[in-house]
file entry_28.cif (mmCIF, C-alpha atoms)
data_upload
loop_
_atom_site.label_atom_id
_atom_site.label_comp_id
_atom_site.auth_asym_id
_atom_site.auth_seq_id
_atom_site.Cartn_x
_atom_site.Cartn_y
_atom_site.Cartn_z
CA LEU A 1 7.16 10.97 -66.75
CA TYR A 2 4.24 13.39 -67.18
CA VAL A 3 6.65 16.32 -67.45
CA MET A 4 8.73 14.58 -70.11
CA ILE A 5 5.61 13.80 -72.17
CA CYS A 6 4.41 17.40 -71.92
CA MET A 7 7.84 18.75 -72.89
CA PHE A 8 7.99 16.31 -75.80
CA VAL A 9 4.55 17.44 -77.02
CA TYR A 10 5.58 21.06 -76.60
CA LEU A 11 8.78 20.65 -78.66
CA VAL A 12 7.16 18.52 -81.36
CA SER A 13 4.24 20.94 -81.67
CA TRP A 14 6.49 23.96 -82.08
CA VAL A 15 8.71 22.15 -84.58
CA VAL A 16 5.68 21.19 -86.66
CA PHE A 17 4.27 24.71 -86.36
CA ILE A 18 7.59 26.20 -87.52
CA PHE A 19 7.52 23.89 -90.52
CA TYR A 20 3.96 25.01 -91.23
CA PHE A 21 4.87 28.67 -90.81
CA ALA A 22 7.82 28.16 -93.13
CA GLY A 23 5.51 26.84 -95.79
CA LYS A 24 6.49 23.21 -95.42
CA LEU A 25 2.92 22.22 -94.50
CA HIS A 26 -0.05 23.43 -96.58
CA ASN A 27 -3.00 22.19 -94.48
CA GLU A 28 -4.36 25.24 -92.65
CA ALA A 29 -6.56 23.28 -90.22
CA ILE A 30 -3.64 21.16 -89.09
CA GLY A 31 -1.55 24.32 -88.73
CA HIS A 32 -4.12 25.87 -86.41
CA ILE A 33 -4.36 22.70 -84.35
CA ILE A 34 -0.60 22.44 -84.06
CA PHE A 35 -0.38 26.13 -83.12
CA HIS A 36 -2.93 25.73 -80.32
CA VAL A 37 -1.32 22.49 -79.08
CA ALA A 38 2.08 24.18 -79.05
CA THR A 39 0.63 27.23 -77.31
CA LEU A 40 -1.20 25.21 -74.64
CA SER A 41 1.54 22.68 -74.03
CA LEU A 42 3.63 25.18 -72.03
CA PRO A 43 0.95 26.16 -69.48
CA VAL A 44 -0.15 22.52 -69.30
CA THR A 45 3.43 21.53 -68.60
CA VAL A 46 3.77 24.24 -65.94
CA SER A 47 0.43 23.24 -64.39
CA THR A 48 1.53 19.62 -64.42
CA LEU A 49 4.82 20.55 -62.74
CA LEU A 50 3.03 22.62 -60.12
CA GLY A 51 0.52 19.83 -59.55
CA LEU A 52 3.27 17.25 -59.18
CA ASP A 53 5.22 19.53 -56.87
CA PHE A 54 2.12 20.19 -54.77
CA GLY A 55 1.40 16.45 -54.68
CA ASN A 56 4.94 15.68 -53.58
CA THR A 57 4.82 18.42 -50.97
CA ASN A 58 1.48 17.13 -49.71
CA ARG A 59 2.81 13.58 -49.45
CA VAL A 60 5.91 14.81 -47.59
CA MET A 61 3.75 16.84 -45.22
CA ILE A 62 1.47 13.87 -44.58
CA LYS A 63 4.49 11.65 -43.93
CA ASN A 64 6.00 14.27 -41.61
CA LEU A 65 2.69 14.59 -39.79
CA GLN A 66 2.49 10.82 -39.40
CA ASP A 67 6.07 10.79 -38.10
CA ILE A 68 5.24 13.59 -35.67
CA ASN A 69 2.14 11.72 -34.46
CA ARG A 70 4.16 8.53 -34.09
CA LEU A 71 6.92 10.33 -32.21
CA SER A 72 4.31 12.05 -30.05
CA GLU A 73 2.72 8.70 -29.19
CA GLU A 74 6.13 7.20 -28.44
CA LYS A 75 6.96 10.22 -26.29
CA GLN A 76 3.67 9.84 -24.42
CA GLN A 77 4.37 6.16 -23.88
CA ILE A 78 7.86 6.94 -22.62
CA LEU A 79 6.55 9.68 -20.33
CA SER A 80 3.77 7.41 -19.09
CA SER A 81 6.27 4.64 -18.43
CA GLN A 82 8.63 7.04 -16.68
CA ASN A 83 5.77 8.46 -14.60
CA GLU A 84 4.67 4.96 -13.62
CA THR A 85 8.23 4.03 -12.73
CA LEU A 86 8.64 7.22 -10.73
CA GLU A 87 5.34 6.66 -8.93
CA ASN A 88 6.40 3.10 -8.08
CA GLN A 89 9.75 4.32 -6.80
CA VAL A 90 8.07 7.02 -4.71
CA ALA A 91 5.59 4.48 -3.32
CA GLU A 92 8.40 2.04 -2.49
CA ARG A 93 10.46 4.77 -0.86
CA THR A 94 7.46 6.02 1.09
CA ALA A 95 6.68 2.50 2.31
CA GLU A 96 10.34 2.01 3.24
CA LEU A 97 10.44 5.26 5.22
CA SER A 98 7.10 4.45 6.86
CA SER A 99 8.43 1.02 7.87
CA LYS A 100 11.62 2.57 9.29
CA ASN A 101 9.63 5.19 11.20
CA ARG A 102 7.36 2.46 12.56
CA GLU A 103 10.39 0.45 13.65
CA LEU A 104 11.84 3.49 15.41
CA GLU A 105 8.54 4.05 17.23
CA ILE A 106 8.44 0.42 18.37
CA GLU A 107 12.08 0.51 19.50
CA ALA A 108 11.48 3.72 21.46
CA ALA A 109 8.43 2.20 23.18
CA LEU A 110 10.33 -1.01 23.93
CA GLU A 111 13.20 0.95 25.46
CA ARG A 112 10.84 2.86 27.75
CA VAL A 113 9.24 -0.33 29.06
CA ARG A 114 12.60 -2.11 29.24
CA SER A 115 14.15 0.71 31.30
CA ARG A 116 11.19 0.70 33.70
CA THR A 117 11.17 -3.05 34.27
CA MET A 118 14.96 -3.24 34.70
CA ALA A 119 14.77 -0.52 37.35
CA MET A 120 12.20 -2.46 39.43
CA GLN A 121 13.24 -3.55 42.89
CA HIS A 122 9.97 -5.14 44.05
CA SER A 123 7.12 -6.96 42.35
CA ASN A 124 4.58 -4.33 43.44
CA GLU A 125 6.25 -1.97 40.97
CA LEU A 126 4.60 -4.01 38.22
CA ALA A 127 1.56 -1.74 38.65
CA ASP A 128 3.52 1.22 37.29
CA ALA A 129 5.11 -0.97 34.63
CA SER A 130 1.69 -2.21 33.51
CA LEU A 131 0.48 1.38 33.12
CA LEU A 132 3.53 2.23 31.02
CA LEU A 133 2.96 -0.88 28.92
CA PHE A 134 -0.67 0.13 28.38
CA GLU A 135 0.28 3.66 27.30
CA GLN A 136 3.09 2.62 24.96
CA MET A 137 1.03 -0.04 23.19
CA LYS A 138 -1.81 2.44 22.75
CA LYS A 139 0.59 4.95 21.19
CA LEU A 140 1.57 2.28 18.68
CA GLY A 141 -2.03 2.19 17.49
CA LEU A 142 -3.25 -0.98 19.21
CA ASN A 143 -6.79 -0.47 20.44
CA TYR A 144 -7.64 -2.79 23.32
CA TRP A 145 -9.52 -2.77 26.61
CA THR A 146 -6.93 -3.75 29.21
CA SER A 147 -3.43 -5.17 29.46
CA GLY A 148 -0.90 -6.20 32.07
CA PHE A 149 1.72 -8.58 33.37
CA CYS A 150 0.87 -12.11 34.49
CA ILE A 151 3.53 -13.94 36.55
CA TRP A 152 3.37 -17.64 37.39
CA ARG A 153 3.93 -18.47 41.03
CA LYS A 154 6.79 -20.94 41.48
CA ASP A 155 5.62 -22.22 44.87
CA GLY A 156 3.54 -25.09 43.48
CA SER A 157 0.26 -23.28 44.16
CA ASN A 158 -0.77 -23.24 40.46
CA LEU A 159 -1.58 -19.56 40.80
CA VAL A 160 -0.87 -16.73 38.38
CA GLU A 161 -0.39 -13.21 39.68
CA ASN A 162 -2.16 -10.66 37.47
CA TRP A 163 -1.17 -6.98 37.31
CA MET A 164 -3.78 -5.51 34.96
CA ASN A 165 -4.20 -1.88 33.95
CA PHE A 166 -6.99 0.08 32.25
CA GLY A 167 -4.87 3.12 31.43
CA PRO A 168 -4.75 6.59 33.00
CA GLU A 169 -8.54 6.86 33.19
CA GLY A 170 -9.40 3.37 34.48
CA GLY A 171 -6.26 2.92 36.56
CA ALA A 172 -4.54 -0.23 37.74
CA LEU A 173 -6.23 -3.14 39.48
CA PRO A 174 -4.71 -4.52 42.66
CA PRO A 175 -2.76 -7.72 41.99
CA LEU A 176 -5.08 -10.70 41.49
CA LEU A 177 -4.15 -14.32 42.21
CA LEU A 178 -5.98 -16.77 39.95
CA PRO A 179 -5.75 -20.58 39.72
CA TYR A 180 -4.59 -20.84 36.12
CA LEU A 181 -5.31 -24.56 35.78
CA GLU A 182 -9.00 -23.98 36.51
CA ASP A 183 -9.55 -21.09 34.10
CA GLU A 184 -9.87 -21.95 30.41
CA GLY A 185 -8.00 -18.92 29.16
CA HIS A 186 -5.10 -18.97 31.63
CA ARG A 187 -4.84 -22.76 31.34
CA GLY A 188 -4.64 -22.48 27.55
CA ILE A 189 -1.80 -19.98 27.90
CA TYR A 190 0.04 -22.26 30.34
CA GLU A 191 -0.34 -25.28 28.05
CA ASP A 192 0.92 -23.26 25.09
CA SER A 193 3.97 -22.27 27.11
CA LEU A 194 4.71 -25.95 27.80
CA ARG A 195 4.62 -26.59 24.05
CA GLY A 196 7.10 -23.79 23.44
CA GLU A 197 4.55 -21.42 21.91
CA PHE A 198 5.12 -17.69 22.22
CA LEU A 199 1.68 -16.29 21.42
CA TYR A 200 -1.79 -17.29 22.57
CA ALA A 201 -4.97 -15.92 21.01
CA GLN A 202 -8.54 -16.85 21.84
CA LYS A 203 -12.02 -15.36 21.59
CA PHE A 204 -14.23 -15.61 24.68
CA GLU A 205 -17.94 -14.99 24.94
CA GLY A 206 -21.10 -16.47 26.38
CA GLU A 207 -20.74 -19.37 28.80
CA ALA A 208 -16.94 -19.52 28.63
CA LEU A 209 -16.63 -15.85 29.56
CA GLU A 210 -19.21 -16.20 32.31
CA LYS A 211 -17.27 -19.11 33.84
CA HIS A 212 -14.13 -16.98 33.77
CA TYR A 213 -15.72 -14.17 35.78
CA ASN A 214 -17.45 -16.59 38.15
CA LEU A 215 -14.05 -18.16 38.88
CA MET A 216 -12.55 -14.74 39.49
CA MET A 217 -15.38 -13.80 41.83
CA ALA A 218 -14.78 -17.04 43.73
CA THR A 219 -11.23 -15.99 44.65
CA SER A 220 -10.78 -13.77 47.66
CA SER A 221 -8.23 -11.49 45.96
CA ALA A 222 -10.56 -10.69 43.08
CA ARG A 223 -13.96 -10.67 44.81
CA LEU A 224 -13.52 -7.36 46.59
CA VAL A 225 -11.93 -5.69 43.56
CA PHE A 226 -14.71 -6.69 41.19
CA GLN A 227 -17.40 -5.91 43.74
CA LYS A 228 -16.15 -2.34 43.96
CA ALA A 229 -15.80 -2.16 40.21
CA LYS A 230 -19.38 -3.38 39.78
CA GLU A 231 -20.65 -0.76 42.20
CA ALA A 232 -18.77 1.88 40.18
CA GLY A 233 -20.59 0.80 37.02
CA PHE A 234 -17.89 -1.44 35.61
CA ILE A 235 -19.34 -3.74 32.95
CA PRO A 236 -17.03 -6.28 31.27
CA PRO A 237 -17.39 -6.50 27.48
CA PRO A 238 -19.65 -9.41 26.46
CA VAL A 239 -17.17 -10.50 23.79
CA GLN A 240 -13.43 -10.49 24.44
CA TRP A 241 -10.34 -11.37 22.41
CA LYS A 242 -7.45 -12.40 24.64
CA TYR A 243 -3.85 -12.34 23.46
CA ALA A 244 -0.87 -13.47 25.50
CA ALA A 245 2.79 -12.97 24.63
CA ILE A 246 4.57 -15.69 26.61
CA PHE A 247 7.96 -15.36 28.27
CA LYS A 248 9.82 -17.53 30.79
CA GLN A 249 8.29 -16.17 34.01
CA GLY A 250 4.79 -15.54 32.68
CA TYR A 251 3.12 -13.58 29.92
CA LEU A 252 1.83 -10.22 28.81
CA LEU A 253 -1.96 -10.29 28.59
CA PHE A 254 -3.99 -8.07 26.26
CA VAL A 255 -7.79 -8.10 26.28
CA ALA A 256 -9.58 -6.42 23.36
CA THR A 257 -13.18 -5.95 22.33
CA GLU A 258 -12.34 -6.64 18.68
CA PRO A 259 -9.70 -8.70 16.86
CA LEU A 260 -6.13 -7.33 16.79
CA PRO A 261 -4.51 -8.93 13.71
CA ASN A 262 -1.34 -6.81 14.04
CA ILE A 263 -0.57 -7.48 17.69
CA SER A 264 1.44 -10.69 17.28
CA ASN A 265 4.89 -9.35 16.37
CA ILE A 266 4.73 -6.28 18.63
CA ALA A 267 3.45 -8.20 21.66
CA GLN A 268 6.18 -10.82 21.35
CA ARG A 269 8.84 -8.13 21.16
CA PHE A 270 7.50 -6.49 24.32
CA ALA A 271 7.53 -9.87 26.05
CA THR A 272 11.30 -10.06 25.62
CA VAL A 273 12.02 -6.89 27.62
#

call {"tool": "encode", "arguments": {"input": "entry_28.cif", "output": "C-alpha cells"}}
result
Amino acid sequence: LYVMICMFVYLVSWVVFIFYFAGKLHNEAIGHIIFHVATLSLPVTVSTLLGLDFGNTNRVMIKNLQDINRLSEEKQQILSSQNETLENQVAERTAELSSKNRELEIEAALERVRSRTMAMQHSNELADASLLLFEQMKKLGLNYWTSGFCIWRKDGSNLVENWMNFGPEGGALPPLLLPYLEDEGHRGIYEDSLRGEFLYAQKFEGEALEKHYNLMMATSSARLVFQKAKEAGFIPPPVQWKYAAIFKQGYLLFVATEPLPNISNIAQRFATV
C-alpha cells in the first residue's frame, strides 16, 4: 500500500511538473513545490521499498529463529525422552542379568551341597556337609556366625542332633544332643514344623539366651565341648538371630549377630537338598 501511494505521488507530481514546464501552470511557487515533490518521491519510494523489504526479511528471520528454537526444544525433549528410555532399558537389562547371575550362583551352591549330602553314607559325614553349607552360604553374601544341620531323633527321646560349624577358622563342633522340647528356640522350631511352617526366625538375648546356654551346659554331650571352647576364649554373642529352614527330618539352623532379611528364600531352597 505504501509503495502504491508513493508511486502515485511520483507519477502525479511529474505529470503536474510537465504541465508546469509546458506552460500550462503559471504559479512559480507551486511549480517548485511540485518539482521537489516529484524529485523526492523516487528516493522516498525506493527507501520505502527497502524498508519494507528489510522489515519483511527481519520478520521472516525472526520467525525462522523461533521455528529453529522450537525445533531445538522439541529435539532436546525427544533426545531427553530417548535417553531416559534407554537408561530405563539399560537398568532393566542390568537388573535382569544380575538376577540371572544370582540365580546361577545359588544353583551352583545348591548343587555342591546336594552332591555332598547325596554321597553321604553315615551321619557323621554331616560335619563335612555342615562346613560346605557354611562356605557356600557365605559365598552367597549371607553374613552369620554359625550354621549347621539339626536332625530330630525318631526314637522317642525328644532329642535333636546338632551338627554346627563355624567355618574353616572356627571348625566344626562335635555332634550335640539337645532336648528340643525344653529349649525355647528348638521347641519353637519343632512347633512350627507341626504347623507346616518352613521357616523359623527369632531374636534371642538376655534371659532367654542365658537359659539356652545353661540348658546346653546341662547336657553331657555339650558340657565338655563348651568347656573347652570357653577355655579357648570362645564368647557367644550376647544378641543372636536364629533362623531355621525346616525339612522333613529336621532343619538347617543359622545363627547371626544381626538380622538377615534376605535369608528366607535361600535357606528354604537349601533345606530341600

call {"tool": "resolve_selection", "arguments": {"input": "entry_28.cif", "expression": "the PyMOL selection byres ((chain A and resi 181) around 12)", "output": "list in words"}}
result
Trp152, Gly156, Ser157, Asn158, Leu159, Val160, Leu178, Pro179, Tyr180, Glu182, Asp183, Glu184, Gly185, His186, Arg187, Gly188, Ile189, Tyr190, Glu191, His212 and Leu215 of chain A

call {"tool": "resolve_selection", "arguments": {"input": "entry_28.cif", "expression": "the PyMOL selection byres ((chain A and resi 236-248) around 9)", "output": "count of residues only"}}
result
40

call {"tool": "closest_residue", "arguments": {"input": "entry_28.cif", "among": "A:Met217, A:Ile266, A:Glu103, A:Ala119", "to": "Met137 (chain A)", "atoms": "all atoms listed in the file"}}
result
A:Ile266

call {"tool": "closest_residue", "arguments": {"input": "entry_28.cif", "among": "A:Val273, A:Glu92, A:Leu140, A:Leu131", "to": "Leu110 (chain A)", "atoms": "only C-alpha atoms"}}
result
A:Val273

call {"tool": "atom_distance", "arguments": {"input": "entry_28.cif", "atom1": "CA of Leu177 (chain A)", "atom2": "CA of Ala222 (chain A)"}}
result
7.4 Å

call {"tool": "atom_distance", "arguments": {"input": "entry_28.cif", "atom1": "CA of Glu231 (chain A)", "atom2": "CA of Leu173 (chain A)"}}
result
14.9 Å

call {"tool": "resolve_selection", "arguments": {"input": "entry_28.cif", "expression": "the PyMOL selection byres ((chain A and resi 172) around 12)", "output": "PDB file with C-alpha atoms, in the coordinates of the input"}}
result
ATOM      1  CA  ASN A 124       4.580  -4.330  43.440  1.00  0.00           C
ATOM      2  CA  GLU A 125       6.250  -1.970  40.970  1.00  0.00           C
ATOM      3  CA  LEU A 126       4.600  -4.010  38.220  1.00  0.00           C
ATOM      4  CA  ALA A 127       1.560  -1.740  38.650  1.00  0.00           C
ATOM      5  CA  ASP A 128       3.520   1.220  37.290  1.00  0.00           C
ATOM      6  CA  ALA A 129       5.110  -0.970  34.630  1.00  0.00           C
ATOM      7  CA  SER A 130       1.690  -2.210  33.510  1.00  0.00           C
ATOM      8  CA  LEU A 131       0.480   1.380  33.120  1.00  0.00           C
ATOM      9  CA  LEU A 132       3.530   2.230  31.020  1.00  0.00           C
ATOM     10  CA  LEU A 133       2.960  -0.880  28.920  1.00  0.00           C
ATOM     11  CA  PHE A 134      -0.670   0.130  28.380  1.00  0.00           C
ATOM     12  CA  THR A 146      -6.930  -3.750  29.210  1.00  0.00           C
ATOM     13  CA  SER A 147      -3.430  -5.170  29.460  1.00  0.00           C
ATOM     14  CA  GLY A 148      -0.900  -6.200  32.070  1.00  0.00           C
ATOM     15  CA  PHE A 149       1.720  -8.580  33.370  1.00  0.00           C
ATOM     16  CA  ASN A 162      -2.160 -10.660  37.470  1.00  0.00           C
ATOM     17  CA  TRP A 163      -1.170  -6.980  37.310  1.00  0.00           C
ATOM     18  CA  MET A 164      -3.780  -5.510  34.960  1.00  0.00           C
ATOM     19  CA  ASN A 165      -4.200  -1.880  33.950  1.00  0.00           C
ATOM     20  CA  PHE A 166      -6.990   0.080  32.250  1.00  0.00           C
ATOM     21  CA  GLY A 167      -4.870   3.120  31.430  1.00  0.00           C
ATOM     22  CA  PRO A 168      -4.750   6.590  33.000  1.00  0.00           C
ATOM     23  CA  GLU A 169      -8.540   6.860  33.190  1.00  0.00           C
ATOM     24  CA  GLY A 170      -9.400   3.370  34.480  1.00  0.00           C
ATOM     25  CA  GLY A 171      -6.260   2.920  36.560  1.00  0.00           C
ATOM     26  CA  LEU A 173      -6.230  -3.140  39.480  1.00  0.00           C
ATOM     27  CA  PRO A 174      -4.710  -4.520  42.660  1.00  0.00           C
ATOM     28  CA  PRO A 175      -2.760  -7.720  41.990  1.00  0.00           C
ATOM     29  CA  LEU A 176      -5.080 -10.700  41.490  1.00  0.00           C
ATOM     30  CA  VAL A 225     -11.930  -5.690  43.560  1.00  0.00           C
ATOM     31  CA  ALA A 229     -15.800  -2.160  40.210  1.00  0.00           C
TER      32      ALA A 229
END

call {"tool": "atom_distance", "arguments": {"input": "entry_28.cif", "atom1": "CA of Thr219 (chain A)", "atom2": "CA of His122 (chain A)"}}
result
23.8 Å

call {"tool": "closest_residue", "arguments": {"input": "entry_28.cif", "among": "A:Ser47, A:Gln227, A:Ser72, A:Asn64", "to": "Tyr213 (chain A)", "atoms": "all atoms listed in the file"}}
result
A:Gln227

call {"tool": "closest_residue", "arguments": {"input": "entry_28.cif", "among": "A:Ile106, A:Ala95, A:Glu87, A:Leu65", "to": "Asn265 (chain A)", "atoms": "all atoms listed in the file"}}
result
A:Ile106

call {"tool": "axis_aligned_box", "arguments": {"input": "entry_28.cif", "around": "region 85-98 of chain A", "padding_each_side": "6 Å", "output": "AutoDock Vina command-line options"}}
result
--center_x 7.9 --center_y 4.6 --center_z -2.9 --size_x 17.1 --size_y 17.2 --size_z 31.6

call {"tool": "closest_residue", "arguments": {"input": "entry_28.cif", "among": "A:Asn69, A:Gln136, A:Gln121, A:Asn88", "to": "Ala108 (chain A)", "atoms": "only C-alpha atoms"}}
result
A:Gln136

call {"tool": "decode", "arguments": {"input": "entry_28.cif", "residues": "region 42-61 of chain A", "atoms": "N, CA and C atoms", "output": "PDB file, in the first residue's frame"}}
result
ATOM      1  N   LEU A  42      10.820   9.620  -5.806  1.00  0.00           N
ATOM      2  CA  LEU A  42      11.520   8.408  -6.233  1.00  0.00           C
ATOM      3  C   LEU A  42      12.408   7.836  -5.121  1.00  0.00           C
ATOM      4  N   PRO A  43      13.317   8.654  -4.535  1.00  0.00           N
ATOM      5  CA  PRO A  43      14.123   8.092  -3.446  1.00  0.00           C
ATOM      6  C   PRO A  43      13.268   7.667  -2.233  1.00  0.00           C
ATOM      7  N   VAL A  44      12.192   8.436  -1.983  1.00  0.00           N
ATOM      8  CA  VAL A  44      11.303   8.051  -0.878  1.00  0.00           C
ATOM      9  C   VAL A  44      10.680   6.685  -1.159  1.00  0.00           C
ATOM     10  N   THR A  45      10.265   6.537  -2.446  1.00  0.00           N
ATOM     11  CA  THR A  45       9.665   5.250  -2.813  1.00  0.00           C
ATOM     12  C   THR A  45      10.672   4.120  -2.664  1.00  0.00           C
ATOM     13  N   VAL A  46      11.907   4.366  -3.165  1.00  0.00           N
ATOM     14  CA  VAL A  46      12.955   3.337  -3.042  1.00  0.00           C
ATOM     15  C   VAL A  46      13.257   3.030  -1.585  1.00  0.00           C
ATOM     16  N   SER A  47      13.363   4.121  -0.759  1.00  0.00           N
ATOM     17  CA  SER A  47      13.627   3.911   0.675  1.00  0.00           C
ATOM     18  C   SER A  47      12.506   3.120   1.331  1.00  0.00           C
ATOM     19  N   THR A  48      11.276   3.476   0.913  1.00  0.00           N
ATOM     20  CA  THR A  48      10.120   2.744   1.462  1.00  0.00           C
ATOM     21  C   THR A  48      10.180   1.280   1.078  1.00  0.00           C
ATOM     22  N   LEU A  49      10.511   1.009  -0.200  1.00  0.00           N
ATOM     23  CA  LEU A  49      10.619  -0.379  -0.659  1.00  0.00           C
ATOM     24  C   LEU A  49      11.698  -1.134   0.115  1.00  0.00           C
ATOM     25  N   LEU A  50      12.864  -0.468   0.257  1.00  0.00           N
ATOM     26  CA  LEU A  50      13.950  -1.104   1.003  1.00  0.00           C
ATOM     27  C   LEU A  50      13.555  -1.352   2.459  1.00  0.00           C
ATOM     28  N   GLY A  51      12.870  -0.332   3.037  1.00  0.00           N
ATOM     29  CA  GLY A  51      12.432  -0.508   4.431  1.00  0.00           C
ATOM     30  C   GLY A  51      11.440  -1.635   4.579  1.00  0.00           C
ATOM     31  N   LEU A  52      10.489  -1.698   3.648  1.00  0.00           N
ATOM     32  CA  LEU A  52       9.512  -2.796   3.693  1.00  0.00           C
ATOM     33  C   LEU A  52      10.182  -4.154   3.495  1.00  0.00           C
ATOM     34  N   ASP A  53      11.134  -4.185   2.531  1.00  0.00           N
ATOM     35  CA  ASP A  53      11.834  -5.440   2.280  1.00  0.00           C
ATOM     36  C   ASP A  53      12.648  -5.865   3.500  1.00  0.00           C
ATOM     37  N   PHE A  54      13.326  -4.886   4.111  1.00  0.00           N
ATOM     38  CA  PHE A  54      14.093  -5.197   5.323  1.00  0.00           C
ATOM     39  C   PHE A  54      13.176  -5.686   6.448  1.00  0.00           C
ATOM     40  N   GLY A  55      11.999  -4.999   6.558  1.00  0.00           N
ATOM     41  CA  GLY A  55      11.044  -5.404   7.595  1.00  0.00           C
ATOM     42  C   GLY A  55      10.545  -6.817   7.370  1.00  0.00           C
ATOM     43  N   ASN A  56      10.226  -7.116   6.094  1.00  0.00           N
ATOM     44  CA  ASN A  56       9.766  -8.473   5.784  1.00  0.00           C
ATOM     45  C   ASN A  56      10.860  -9.503   6.066  1.00  0.00           C
ATOM     46  N   THR A  57      12.072  -9.145   5.623  1.00  0.00           N
ATOM     47  CA  THR A  57      13.201 -10.063   5.873  1.00  0.00           C
ATOM     48  C   THR A  57      13.414 -10.281   7.358  1.00  0.00           C
ATOM     49  N   ASN A  58      13.320  -9.201   8.126  1.00  0.00           N
ATOM     50  CA  ASN A  58      13.507  -9.305   9.578  1.00  0.00           C
ATOM     51  C   ASN A  58      12.431 -10.190  10.209  1.00  0.00           C
ATOM     52  N   ARG A  59      11.182  -9.991   9.756  1.00  0.00           N
ATOM     53  CA  ARG A  59      10.095 -10.823  10.294  1.00  0.00           C
ATOM     54  C   ARG A  59      10.302 -12.294   9.937  1.00  0.00           C
ATOM     55  N   VAL A  60      10.729 -12.547   8.686  1.00  0.00           N
ATOM     56  CA  VAL A  60      10.990 -13.935   8.271  1.00  0.00           C
ATOM     57  C   VAL A  60      12.115 -14.550   9.103  1.00  0.00           C
ATOM     58  N   MET A  61      13.156 -13.749   9.319  1.00  0.00           N
ATOM     59  CA  MET A  61      14.294 -14.248  10.113  1.00  0.00           C
ATOM     60  C   MET A  61      13.873 -14.536  11.551  1.00  0.00           C
TER      61      MET A  61
END
